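Structure file work_18.cif (mmCIF, C-alpha atoms) is printed below.
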data_upload
#
loop_
_atom_site.label_atom_id
_atom_site.label_comp_id
_atom_site.auth_asym_id
_atom_site.auth_seq_id
_atom_site.Cartn_x
_atom_site.Cartn_y
_atom_site.Cartn_z
CA MET A 9 67.77 17.18 54.43
CA THR A 10 65.13 19.19 56.15
CA PRO A 11 61.58 17.93 56.53
CA ASP A 12 60.34 20.67 54.18
CA ILE A 13 62.66 19.60 51.39
CA HIS A 14 61.72 15.95 51.94
CA PHE A 15 58.04 16.85 51.82
CA ASN A 16 58.46 18.91 48.65
CA ARG A 17 60.24 16.02 46.90
CA TRP A 18 57.42 13.62 47.77
CA MET A 19 54.87 16.13 46.59
CA LYS A 20 56.70 16.47 43.27
CA ARG A 21 56.87 12.69 42.93
CA ALA A 22 53.16 12.38 43.73
CA ALA A 23 52.34 15.11 41.19
CA ILE A 24 54.44 13.37 38.51
CA LEU A 25 52.81 10.03 39.33
CA PHE A 26 49.38 11.62 39.13
CA LEU A 27 50.19 13.16 35.74
CA LEU A 28 51.53 9.83 34.48
CA VAL A 29 48.42 8.00 35.66
CA LEU A 30 46.20 10.68 34.11
CA ALA A 31 48.10 10.48 30.83
CA TYR A 32 47.81 6.69 30.87
CA LEU A 33 44.06 6.87 31.53
CA LEU A 34 43.60 9.36 28.70
CA PHE A 35 45.67 7.18 26.38
CA ILE A 36 43.73 4.05 27.35
CA ASP A 37 40.40 5.83 26.90
CA ILE A 38 41.39 6.73 23.33
CA ALA A 39 43.36 3.66 22.24
CA LEU A 40 41.71 0.96 24.39
CA PRO A 41 38.26 2.18 25.47
CA LEU A 42 36.75 0.17 28.32
CA THR A 43 33.17 -0.17 29.53
CA SER A 44 31.52 -2.24 32.23
CA TYR A 45 28.05 -1.48 30.84
CA ALA A 46 27.78 -4.64 28.78
CA MET A 47 25.70 -7.80 28.81
CA VAL A 48 24.99 -10.98 26.89
CA GLN A 49 21.97 -10.98 24.62
CA ARG A 50 20.55 -14.26 23.40
CA PRO A 51 17.58 -14.64 21.02
CA VAL A 52 14.40 -15.25 23.01
CA VAL A 53 11.41 -16.80 21.24
CA THR A 54 8.05 -16.27 22.91
CA VAL A 55 5.64 -19.11 22.18
CA ALA A 56 1.98 -18.19 21.86
CA PRO A 57 -0.86 -20.48 20.77
CA GLN A 58 -2.69 -19.63 17.57
CA VAL A 59 -6.02 -20.86 18.94
CA SER A 60 -7.78 -20.25 22.25
CA GLY A 61 -8.78 -22.83 24.81
CA VAL A 62 -7.97 -24.45 28.14
CA VAL A 63 -4.49 -25.93 28.49
CA THR A 64 -4.84 -29.66 29.19
CA ASP A 65 -1.20 -30.84 29.22
CA VAL A 66 2.18 -29.19 29.76
CA LEU A 67 4.89 -31.51 28.48
CA VAL A 68 8.02 -29.52 29.39
CA GLU A 69 9.69 -28.41 32.60
CA ASN A 70 11.50 -25.25 33.49
CA ASN A 71 15.07 -25.06 32.10
CA ALA A 72 14.38 -28.02 29.82
CA GLN A 73 16.28 -28.20 26.53
CA VAL A 74 13.87 -28.63 23.62
CA ASN A 75 14.41 -29.12 19.91
CA LYS A 76 12.50 -27.58 17.06
CA GLY A 77 9.17 -29.39 16.71
CA ASP A 78 9.04 -30.78 20.27
CA VAL A 79 5.56 -30.62 21.85
CA LEU A 80 5.37 -27.95 24.56
CA PHE A 81 1.72 -28.07 25.62
CA ARG A 82 -1.73 -29.01 24.38
CA ILE A 83 -5.05 -27.17 24.35
CA ASP A 84 -8.46 -28.81 24.79
CA ALA A 85 -9.30 -29.96 21.26
CA ARG A 86 -12.95 -31.03 21.70
CA ASP A 87 -14.44 -27.84 20.28
CA TYR A 88 -12.06 -27.98 17.34
CA ARG A 89 -12.92 -31.63 16.62
CA LEU A 90 -16.59 -30.66 16.51
CA ALA A 91 -15.75 -27.77 14.19
CA LEU A 92 -13.85 -30.18 11.94
CA GLU A 93 -16.80 -32.58 11.85
CA LYS A 94 -19.12 -29.67 11.04
CA ALA A 95 -16.86 -28.66 8.15
CA GLU A 96 -16.82 -32.23 6.84
CA LEU A 97 -20.63 -32.34 6.99
CA ALA A 98 -20.82 -29.01 5.21
CA LEU A 99 -18.63 -30.38 2.41
CA SER A 100 -20.94 -33.39 2.08
CA GLN A 101 -23.93 -31.05 2.03
CA VAL A 102 -22.34 -29.06 -0.76
CA SER A 103 -21.88 -32.24 -2.80
CA GLN A 104 -25.55 -33.09 -2.37
CA THR A 105 -26.63 -29.54 -3.21
CA ASN A 106 -24.55 -29.55 -6.37
CA ALA A 107 -26.00 -32.92 -7.37
CA ALA A 108 -29.52 -31.52 -6.93
CA LEU A 109 -28.62 -28.43 -8.96
CA LYS A 110 -27.24 -30.60 -11.73
CA ALA A 111 -30.55 -32.47 -11.82
CA GLN A 112 -32.42 -29.14 -11.93
CA LEU A 113 -30.14 -28.02 -14.76
CA ALA A 114 -30.94 -31.18 -16.72
CA GLN A 115 -34.66 -30.50 -16.22
CA ALA A 116 -34.16 -26.91 -17.32
CA GLU A 117 -32.34 -28.07 -20.47
CA ALA A 118 -35.24 -30.40 -21.26
CA ALA A 119 -37.71 -27.57 -20.67
CA VAL A 120 -35.75 -25.36 -23.09
CA GLN A 121 -35.83 -28.05 -25.75
CA GLU A 122 -39.56 -28.60 -25.19
CA ALA A 123 -40.23 -24.86 -25.44
CA ASP A 124 -38.14 -24.69 -28.62
CA VAL A 125 -40.22 -27.45 -30.19
CA ALA A 126 -43.39 -25.61 -29.17
CA VAL A 127 -42.14 -22.42 -30.84
CA THR A 128 -41.36 -24.30 -34.05
CA GLU A 129 -44.81 -25.90 -34.07
CA ALA A 130 -46.49 -22.55 -33.40
CA GLN A 131 -44.59 -20.98 -36.30
CA ARG A 132 -45.82 -23.74 -38.66
CA GLU A 133 -49.41 -23.28 -37.49
CA LEU A 134 -49.15 -19.56 -38.10
CA GLN A 135 -47.83 -20.14 -41.59
CA ARG A 136 -50.75 -22.49 -42.36
CA ALA A 137 -53.23 -20.00 -40.88
CA GLU A 138 -51.80 -17.20 -43.02
CA SER A 139 -51.99 -19.39 -46.13
CA LEU A 140 -55.62 -20.30 -45.45
CA HIS A 141 -56.50 -16.69 -44.64
CA GLN A 142 -55.00 -15.47 -47.92
CA ARG A 143 -57.15 -17.97 -49.84
CA LYS A 144 -60.22 -16.89 -47.86
CA LEU A 145 -60.49 -20.37 -46.33
CA SER A 146 -60.17 -19.24 -42.66
CA SER A 147 -61.24 -16.31 -40.58
CA GLN A 148 -59.17 -13.47 -39.19
CA GLN A 149 -59.88 -14.86 -35.72
CA ALA A 150 -58.10 -18.13 -36.55
CA LEU A 151 -55.12 -16.16 -37.82
CA ASP A 152 -55.02 -14.06 -34.64
CA GLN A 153 -55.22 -17.16 -32.47
CA ALA A 154 -52.27 -18.73 -34.31
CA GLN A 155 -50.25 -15.55 -33.78
CA THR A 156 -51.15 -15.56 -30.07
CA ARG A 157 -50.07 -19.19 -29.70
CA LEU A 158 -46.70 -18.34 -31.32
CA ASP A 159 -46.17 -15.37 -29.03
CA SER A 160 -47.03 -17.54 -26.02
CA ALA A 161 -44.63 -20.27 -27.16
CA LYS A 162 -41.84 -17.72 -27.57
CA ALA A 163 -42.53 -16.36 -24.08
CA HIS A 164 -42.38 -19.85 -22.61
CA TYR A 165 -39.13 -20.47 -24.49
CA GLN A 166 -37.58 -17.27 -23.11
CA ALA A 167 -38.71 -18.19 -19.58
CA ALA A 168 -37.16 -21.65 -19.98
CA LEU A 169 -33.88 -20.05 -21.12
CA GLU A 170 -33.83 -17.71 -18.09
CA SER A 171 -34.58 -20.60 -15.74
CA ARG A 172 -31.77 -22.66 -17.25
CA ASN A 173 -29.29 -19.75 -17.03
CA ALA A 174 -30.27 -19.08 -13.41
CA THR A 175 -29.68 -22.74 -12.54
CA ARG A 176 -26.29 -22.65 -14.30
CA VAL A 177 -25.27 -19.56 -12.36
CA GLN A 178 -26.43 -21.12 -9.11
CA LEU A 179 -24.51 -24.32 -9.87
CA GLY A 180 -21.36 -22.49 -10.93
CA ASP A 181 -18.24 -24.24 -12.20
CA ASP A 182 -18.12 -27.98 -12.31
CA GLY A 183 -15.85 -30.20 -10.19
CA GLU A 184 -13.18 -28.83 -7.85
CA ASP A 185 -13.50 -25.33 -9.33
CA ASN A 186 -17.03 -24.98 -7.99
CA LEU A 187 -17.32 -21.98 -5.64
CA ARG A 188 -19.30 -23.80 -2.93
CA VAL A 189 -16.89 -26.73 -3.07
CA ARG A 190 -13.90 -24.41 -2.75
CA GLN A 191 -15.50 -22.55 0.16
CA ALA A 192 -16.38 -25.81 1.92
CA ARG A 193 -12.88 -27.21 1.37
CA ASN A 194 -11.37 -23.96 2.63
CA ALA A 195 -13.49 -24.16 5.80
CA LEU A 196 -12.48 -27.81 6.17
CA ALA A 197 -8.78 -26.95 5.79
CA GLN A 198 -9.14 -24.14 8.35
CA ALA A 199 -10.83 -26.51 10.80
CA GLN A 200 -8.06 -29.08 10.30
CA LEU A 201 -5.43 -26.38 10.80
CA ASN A 202 -7.08 -25.12 14.00
CA LEU A 203 -7.26 -28.67 15.32
CA SER A 204 -3.57 -29.20 14.62
CA ARG A 205 -2.78 -25.92 16.38
CA THR A 206 -4.16 -27.28 19.66
CA THR A 207 -0.81 -29.05 19.92
CA VAL A 208 1.79 -26.29 20.40
CA VAL A 209 5.35 -27.16 19.39
CA ALA A 210 8.68 -25.38 19.77
CA PRO A 211 9.35 -23.12 16.75
CA GLU A 212 13.08 -23.22 17.44
CA ALA A 213 15.54 -25.12 19.60
CA GLY A 214 16.18 -23.53 22.98
CA VAL A 215 15.87 -23.69 26.74
CA VAL A 216 12.53 -23.17 28.50
CA SER A 217 12.90 -20.27 30.91
CA ASN A 218 10.68 -18.97 33.71
CA LEU A 219 7.97 -21.53 33.03
CA GLN A 220 4.73 -20.69 34.85
CA LEU A 221 2.21 -22.46 32.62
CA LEU A 222 -0.02 -25.04 34.33
CA PRO A 223 -2.85 -27.28 33.11
CA GLY A 224 -6.17 -25.50 33.41
CA THR A 225 -4.83 -22.14 32.25
CA GLN A 226 -7.06 -20.33 29.78
CA ALA A 227 -4.91 -19.76 26.72
CA ASN A 228 -5.82 -16.98 24.31
CA ALA A 229 -4.65 -16.84 20.73
CA GLY A 230 -1.58 -14.63 20.43
CA GLN A 231 -0.91 -14.60 24.21
CA SER A 232 2.71 -15.58 25.04
CA LEU A 233 2.84 -18.47 27.48
CA ILE A 234 6.38 -19.88 27.20
CA SER A 235 9.78 -18.30 26.54
CA LEU A 236 12.58 -20.17 24.79
CA VAL A 237 16.14 -18.88 25.12
CA ALA A 238 18.14 -19.99 22.08
CA ALA A 239 21.29 -21.76 23.23
CA GLY A 240 24.47 -21.60 21.18
CA ASN A 241 23.64 -18.17 19.76
CA GLY A 242 24.04 -14.73 21.16
CA ARG A 243 25.93 -11.48 21.09
CA ILE A 244 27.40 -8.96 23.50
CA ALA A 245 25.76 -5.55 23.78
CA ALA A 246 28.04 -2.85 25.20
CA ASP A 247 27.21 0.79 25.98
CA TYR A 248 30.18 3.07 25.26
CA ARG A 249 30.63 6.77 25.69
CA GLU A 250 30.28 8.22 22.20
CA LYS A 251 33.69 9.93 22.29
CA SER A 252 35.35 6.58 23.04
CA LEU A 253 34.20 5.24 19.66
CA LEU A 254 35.74 7.97 17.49
CA ASN A 255 38.84 5.94 16.59
CA ILE A 256 37.28 2.46 16.62
CA ASP A 257 37.22 0.55 13.32
CA PRO A 258 34.01 -1.21 12.20
CA ASP A 259 35.57 -4.64 12.89
CA ALA A 260 37.81 -3.75 15.81
CA ALA A 261 39.18 -6.48 18.07
CA ALA A 262 37.77 -6.73 21.59
CA TRP A 263 38.37 -8.55 24.85
CA VAL A 264 35.44 -9.48 27.08
CA VAL A 265 35.31 -10.49 30.75
CA PHE A 266 32.11 -11.91 32.22
CA ASP A 267 31.00 -11.67 35.83
CA ALA A 268 29.79 -15.26 35.59
CA LEU A 269 33.20 -16.50 34.36
CA PRO A 270 35.84 -14.81 36.51
CA GLY A 271 39.38 -15.45 35.38
CA GLU A 272 38.40 -16.06 31.76
CA VAL A 273 38.89 -13.63 28.87
CA VAL A 274 36.92 -14.12 25.64
CA HIS A 275 38.21 -12.68 22.38
CA ALA A 276 35.58 -10.93 20.26
CA HIS A 277 35.21 -8.38 17.49
CA LEU A 278 32.94 -5.43 16.82
CA ASP A 279 29.96 -6.50 14.74
CA SER A 280 27.77 -3.39 14.49
CA ARG A 281 26.67 -0.29 16.33
CA ASP A 282 23.37 1.53 16.79
CA MET A 283 22.81 4.80 14.96
CA GLY A 284 20.90 6.44 17.77
CA VAL A 285 19.33 6.28 21.22
CA ALA A 286 15.77 6.75 22.42
CA LYS A 287 16.33 10.37 23.48
CA GLY A 288 17.40 11.23 19.95
CA GLN A 289 14.32 9.76 18.30
CA LEU A 290 12.00 12.27 16.67
CA LEU A 291 8.32 11.40 16.75
CA ALA A 292 5.57 13.41 15.08
CA ASN A 293 3.46 13.55 18.25
CA GLY A 294 2.37 17.17 18.02
CA GLN A 295 4.22 18.15 21.20
CA LEU A 296 6.86 20.79 21.71
CA ALA A 297 10.49 19.97 22.42
CA GLN A 298 11.41 18.94 25.95
CA LEU A 299 14.66 20.68 26.84
CA ASP A 300 17.28 19.45 29.28
CA ASP A 301 17.07 21.84 32.26
CA SER A 302 20.05 20.42 34.15
CA ASP A 303 22.41 23.05 35.52
CA ARG A 304 25.28 20.65 36.22
CA TRP A 305 28.66 21.94 35.04
CA VAL A 306 29.81 18.42 34.14
CA ARG A 307 27.00 16.55 32.39
CA ASP A 308 26.76 12.80 31.91
CA ALA A 309 28.37 11.51 28.74
CA GLN A 310 26.06 10.11 26.07
CA ARG A 311 26.43 6.37 25.58
CA VAL A 312 26.01 4.49 22.30
CA ARG A 313 25.27 0.79 22.07
CA VAL A 314 27.57 -1.49 20.08
CA TYR A 315 27.33 -5.22 19.44
CA LEU A 316 30.15 -7.73 19.48
CA GLN A 317 30.47 -11.34 18.37
CA ALA A 318 32.76 -13.87 20.05
CA ASP A 319 35.62 -14.97 17.80
CA ALA A 320 34.95 -18.60 18.68
CA GLY A 321 31.55 -18.32 16.99
CA ALA A 322 29.42 -18.90 20.08
CA LEU A 323 29.35 -17.69 23.65
CA PRO A 324 29.83 -20.19 26.48
CA ASN A 325 26.55 -21.93 27.30
CA ALA A 326 27.05 -21.06 30.99
CA LEU A 327 26.20 -17.44 30.17
CA VAL A 328 22.53 -16.63 30.43
CA SER A 329 20.86 -13.88 28.48
CA GLY A 330 21.58 -10.74 30.48
CA SER A 331 24.92 -11.85 31.96
CA ARG A 332 27.00 -8.82 32.87
CA ALA A 333 30.33 -8.22 31.13
CA THR A 334 33.25 -5.80 30.82
CA VAL A 335 34.50 -5.00 27.33
CA MET A 336 37.71 -3.44 26.02
CA MET A 337 38.22 -2.64 22.33
CA SER A 338 41.38 -1.74 20.43
CA ALA A 339 41.59 1.33 18.22
CA SER A 340 44.35 -0.20 16.04
CA ASP A 341 45.99 -3.48 15.08
CA SER A 342 49.14 -2.70 17.07
CA GLY A 343 50.65 -5.74 18.75
CA LEU A 344 51.67 -3.63 21.71
CA LEU A 345 48.11 -2.42 22.23
CA ALA A 346 46.82 -5.98 21.90
CA TRP A 347 49.31 -7.18 24.52
CA LEU A 348 48.45 -4.28 26.82
CA ALA A 349 44.70 -4.90 26.42
CA ALA A 350 45.02 -8.63 27.06
CA ALA A 351 47.15 -8.03 30.16
CA GLN A 352 44.76 -5.45 31.58
CA MET A 353 41.71 -7.60 30.90
CA HIS A 354 43.32 -10.62 32.54
CA ILE A 355 43.90 -8.51 35.65
CA ILE A 356 40.26 -7.40 35.57
CA SER A 357 39.14 -11.00 35.08
CA TRP A 358 40.94 -12.10 38.24
CA LEU A 359 39.49 -9.16 40.13
CA ARG A 360 36.06 -10.71 39.43
CA TYR A 361 36.87 -13.21 42.13
CA VAL A 362 37.06 -10.37 44.63
CA TYR A 363 33.86 -8.48 43.81
#
Would you write the structure of this file as structure tokens?
Amino acid sequence: MTPDIHFNRWMKRAAILFLLVLAYLLFIDIALPLTSYAMVQRPVVTVAPQVSGVVTDVLVENNAQVNKGDVLFRIDARDYRLALEKAELALSQVSQTNAALKAQLAQAEAAVQEADVAVTEAQRELQRAESLHQRKLSSQQALDQAQTRLDSAKAHYQAALESRNATRVQLGDDGEDNLRVRQARNALAQAQLNLSRTTVVAPEAGVVSNLQLLPGTQANAGQSLISLVAAGNGRIAADYREKSLLNIDPDAAAWVVFDALPGEVVHAHLDSRDMGVAKGQLLANGQLAQLDDSDRWVRDAQRVRVYLQADAGALPNALVSGSRATVMMSASDSGLLAWLAAAQMHIISWLRYVY
């Protein structure tokens, strides 16, 4: 066999091997799509105080496990205690004011009754004056004076009624329905709530991460000061090329390998997928379209984010939020594909020891 023939045979074998490898890669990309653009996502709760003030005590340490309701830090409460005392005094003042208004209302009621009696008496005097005038026993002046006294009594009666009504309006409803009482109690409840908010507790169970809070820090309401990473919960976010997801079922099986856990394969399933990416979002911003001016013959494939849940129900606690992963999904329920995927992912998992 000449060297040329030997070389040609090896070239043919290499070409066949290349075609077989290419066919396998194309088959795998369709039936068992793989991506290394994946990571663990855990719920992160940012804790922000609802009142402002100077932080006096920090009762947790970095990476500490806390339960829901555990005290994280405290804010100087002196101003809020004074505000609470002021609200309590205001409520007492309202009680005294209402008591005084009730006394004024009682006086106004008495004044109305007195004015009513005066009107009745003035009407009787006018009737007597008219009777005497008709019998020529009194002068027209006496009759006019009686009429004037009646008109004056009626005016005083009307003024007494207006004064009583004004006092009633000023007093308002009686008891707990009184407007001033409700406003004072509302201010008192708000002061009590603000005082309670000077003690900041964990809204959910989790692990304190990247703690930088120190006593003496000026805390502002709504400003995040502590981050809690929820342990025991989480999902896997994987970015796939959009063409790789054409044949993937909504609940497809998946195998996941984590950089932090080399040699271990976690079984998972597809939970959901995003319906778009940021570049495809249309915003009414009044600007013209920004076109892609790349002149590359082979452009980058568009990736779509999908989310997976571990079959065991929870990811290993050793995985932090953001842990890198490699994901392979199956396009069918074939046992052969499942075996092939598991074998390939186990090989990849052991390669994590190398790089």
(message) Using only C-alpha atoms, can you tell me which of A:Asp341, A:Glu69, A:Asp87, A:Asp301 comes closest to Leu203 of chain A?
(response)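 Of the candidates, the smallest distance to Leu203 of chain A is held by A:Asp87.
Atom pair atom CA of Ala150 of chain A / atom CA of Glu129 of chain A has a distance of 15.6 Å (rounded to one decimal).
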(message) Which residues, named as in the file, does the PyMOL selection byres ((chain A and resi 311) around 9) pick out? Answer as a VMD selection string.
(response) chain A and resid 247 to 251 285 309 to 310 312 to 313
Selected residues written out with C-alpha atoms, as a PDB file, in the coordinates of the input:
ATOM      1  CA  ASP A 247      27.210   0.790  25.980  1.00  0.00           C
ATOM      2  CA  TYR A 248      30.180   3.070  25.260  1.00  0.00           C
ATOM      3  CA  ARG A 249      30.630   6.770  25.690  1.00  0.00           C
ATOM      4  CA  GLU A 250      30.280   8.220  22.200  1.00  0.00           C
ATOM      5  CA  LYS A 251      33.690   9.930  22.290  1.00  0.00           C
ATOM      6  CA  VAL A 285      19.330   6.280  21.220  1.00  0.00           C
ATOM      7  CA  ALA A 309      28.370  11.510  28.740  1.00  0.00           C
ATOM      8  CA  GLN A 310      26.060  10.110  26.070  1.00  0.00           C
ATOM      9  CA  VAL A 312      26.010   4.490  22.300  1.00  0.00           C
ATOM     10  CA  ARG A 313      25.270   0.790  22.070  1.00  0.00           C
TER      11      ARG A 313
END
(request) Go through A:Ser217, A:Gln131, A:Gln104, A:Gln226 one by one, measure the shortest atom-to-atom distance of each to Val189 of chain A using all atoms listed in the file, and give the residue with the smallest value. (result)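 Comparing A:Ser217, A:Gln131, A:Gln104, A:Gln226 against Val189 of chain A, the winner is A:Gln104.
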(message) Show me, as a list of chain:residue names, the residues that have an atom within 9 Å of Gln58 of chain A when counting only C-alpha atoms, minus same-chain residues fewer than 5 positions from it.
(response)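 The contact residues come out as A:Asn202, A:Arg205, A:Thr206, A:Val208, A:Asn228, A:Ala229, A:Gly230, A:Gln231.
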(request) Go through A:Gln295, A:Thr225, A:Gln49, A:Thr207 and flag the residue nearest Ser329 of chain A, using all atoms listed in the file for the distances. (result) A:Gln49
(request) Name the closest residue to Ala339 of chain A among the candidates A:Ala197, A:Ala39, A:Ala318, A:Ile244; distances are taken between atoms, counting only C-alpha atoms. (result)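 Closest to Ala339 of chain A, using only C-alpha atoms: A:Ala39.
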(request) Go ahead and find all residues with at least one atom no further than 10 Å from (33.4, -12.5, 15.1) in the file's coordinates, using only C-alpha atoms; report them as a PyMOL selection string. (result) chain A and resi 243+259-262+275-279+316-322
Take the residues from that selection and write them out as a short mmCIF file (atom, residue, chain, number, x, y, z; two decimals), keeping the file's coordinate frame, keeping C-alpha atoms.
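The resulting file, again-v4.cif, is reproduced below:
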data_model
loop_
_atom_site.label_atom_id
_atom_site.label_comp_id
_atom_site.auth_asym_id
_atom_site.auth_seq_id
_atom_site.Cartn_x
_atom_site.Cartn_y
_atom_site.Cartn_z
CA ARG A 243 25.93 -11.48 21.09
CA ASP A 259 35.57 -4.64 12.89
CA ALA A 260 37.81 -3.75 15.81
CA ALA A 261 39.18 -6.48 18.07
CA ALA A 262 37.77 -6.73 21.59
CA HIS A 275 38.21 -12.68 22.38
CA ALA A 276 35.58 -10.93 20.26
CA HIS A 277 35.21 -8.38 17.49
CA LEU A 278 32.94 -5.43 16.82
CA ASP A 279 29.96 -6.50 14.74
CA LEU A 316 30.15 -7.73 19.48
CA GLN A 317 30.47 -11.34 18.37
CA ALA A 318 32.76 -13.87 20.05
CA ASP A 319 35.62 -14.97 17.80
CA ALA A 320 34.95 -18.60 18.68
CA GLY A 321 31.55 -18.32 16.99
CA ALA A 322 29.42 -18.90 20.08
#
(message) Between atom CA of Gln191 of chain A and atom CA of Ala116 of chain A, what distance in Å does the model show, to one decimal?
(response) 25.9 Å
(message) Would you pick out the contacts of Asp159 of chain A at 12 Å or less, using only C-alpha atoms, so that residues sharing its chain but fewer than 4 positions from it are not included, and give the list as a list of chain:residue names?
(response) A:Ala123, A:Ala126, A:Val127, A:Thr128, A:Glu129, A:Ala130, A:Gln131, A:Leu134, A:Asp152, A:Gln153, A:Ala154, A:Gln155, A:Ala163, A:His164, A:Tyr165, A:Gln166
(request) List the residues matched by the PyMOL selection byres ((chain A and resi 76) around 12) in the displayed structure as an MDAnalysis selection string, ordered by chain and then by residue number. (result) chainID A and resid 53 73:75 77:80 208:215 236 238
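Pairwise distance (atom CA of Asp267 of chain A, atom CA of Leu348 of chain A) equals 21.0 Å.
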Got a sec to write segment 183-249 of chain A of the block to a file, C-alpha atoms, as a tab-separated table (two decimals), in the first residue's frame?
chain	number	residue	atom	x	y	z
A	183	GLY	CA	-68.72	58.93	72.25
A	184	GLU	CA	-66.24	57.03	70.07
A	185	ASP	CA	-67.87	58.31	66.87
A	186	ASN	CA	-66.81	61.86	67.64
A	187	LEU	CA	-64.61	63.27	64.86
A	188	ARG	CA	-61.98	64.79	67.17
A	189	VAL	CA	-61.83	61.58	69.19
A	190	ARG	CA	-61.38	59.51	66.04
A	191	GLN	CA	-58.67	61.85	64.74
A	192	ALA	CA	-56.86	61.80	68.08
A	193	ARG	CA	-57.09	58.01	68.32
A	194	ASN	CA	-55.86	57.70	64.74
A	195	ALA	CA	-52.85	59.90	65.56
A	196	LEU	CA	-52.25	57.83	68.70
A	197	ALA	CA	-52.40	54.57	66.72
A	198	GLN	CA	-49.98	56.01	64.13
A	199	ALA	CA	-47.57	57.06	66.88
A	200	GLN	CA	-47.77	53.59	68.45
A	201	LEU	CA	-47.18	51.98	65.05
A	202	ASN	CA	-44.17	54.21	64.33
A	203	LEU	CA	-42.72	53.37	67.74
A	204	SER	CA	-43.13	49.66	67.08
A	205	ARG	CA	-41.44	50.08	63.70
A	206	THR	CA	-38.22	51.24	65.38
A	207	THR	CA	-37.65	47.52	66.00
A	208	VAL	CA	-37.08	45.98	62.56
A	209	VAL	CA	-37.80	42.25	62.26
A	210	ALA	CA	-37.25	39.69	59.52
A	211	PRO	CA	-40.30	39.52	57.21
A	212	GLU	CA	-39.33	36.01	56.11
A	213	ALA	CA	-36.92	33.27	57.11
A	214	GLY	CA	-33.57	33.44	55.35
A	215	VAL	CA	-29.84	33.99	55.55
A	216	VAL	CA	-28.35	37.45	56.09
A	217	SER	CA	-26.03	38.21	53.19
A	218	ASN	CA	-23.45	40.96	52.62
A	219	LEU	CA	-24.23	42.66	55.92
A	220	GLN	CA	-22.69	46.14	56.12
A	221	LEU	CA	-25.03	47.78	58.62
A	222	LEU	CA	-23.38	49.22	61.75
A	223	PRO	CA	-24.72	51.09	64.79
A	224	GLY	CA	-24.74	54.81	64.14
A	225	THR	CA	-25.93	54.51	60.55
A	226	GLN	CA	-28.62	56.99	59.57
A	227	ALA	CA	-31.54	54.88	58.39
A	228	ASN	CA	-34.10	56.41	56.07
A	229	ALA	CA	-37.60	55.06	55.62
A	230	GLY	CA	-37.75	52.82	52.56
A	231	GLN	CA	-33.94	52.51	52.27
A	232	SER	CA	-32.81	48.85	52.04
A	233	LEU	CA	-30.26	48.01	54.71
A	234	ILE	CA	-30.22	44.20	54.93
A	235	SER	CA	-30.69	41.43	52.36
A	236	LEU	CA	-32.16	38.05	53.28
A	237	VAL	CA	-31.62	35.12	50.93
A	238	ALA	CA	-34.46	32.63	51.38
A	239	ALA	CA	-33.01	29.19	52.05
A	240	GLY	CA	-34.83	26.05	50.92
A	241	ASN	CA	-36.44	27.80	47.95
A	242	GLY	CA	-35.15	28.62	44.54
A	243	ARG	CA	-35.19	27.84	40.86
A	244	ILE	CA	-32.79	27.45	37.98
A	245	ALA	CA	-32.76	30.09	35.25
A	246	ALA	CA	-31.28	28.89	31.96
A	247	ASP	CA	-30.70	30.89	28.75
A	248	TYR	CA	-31.29	28.73	25.66
A	249	ARG	CA	-30.97	29.51	22.00
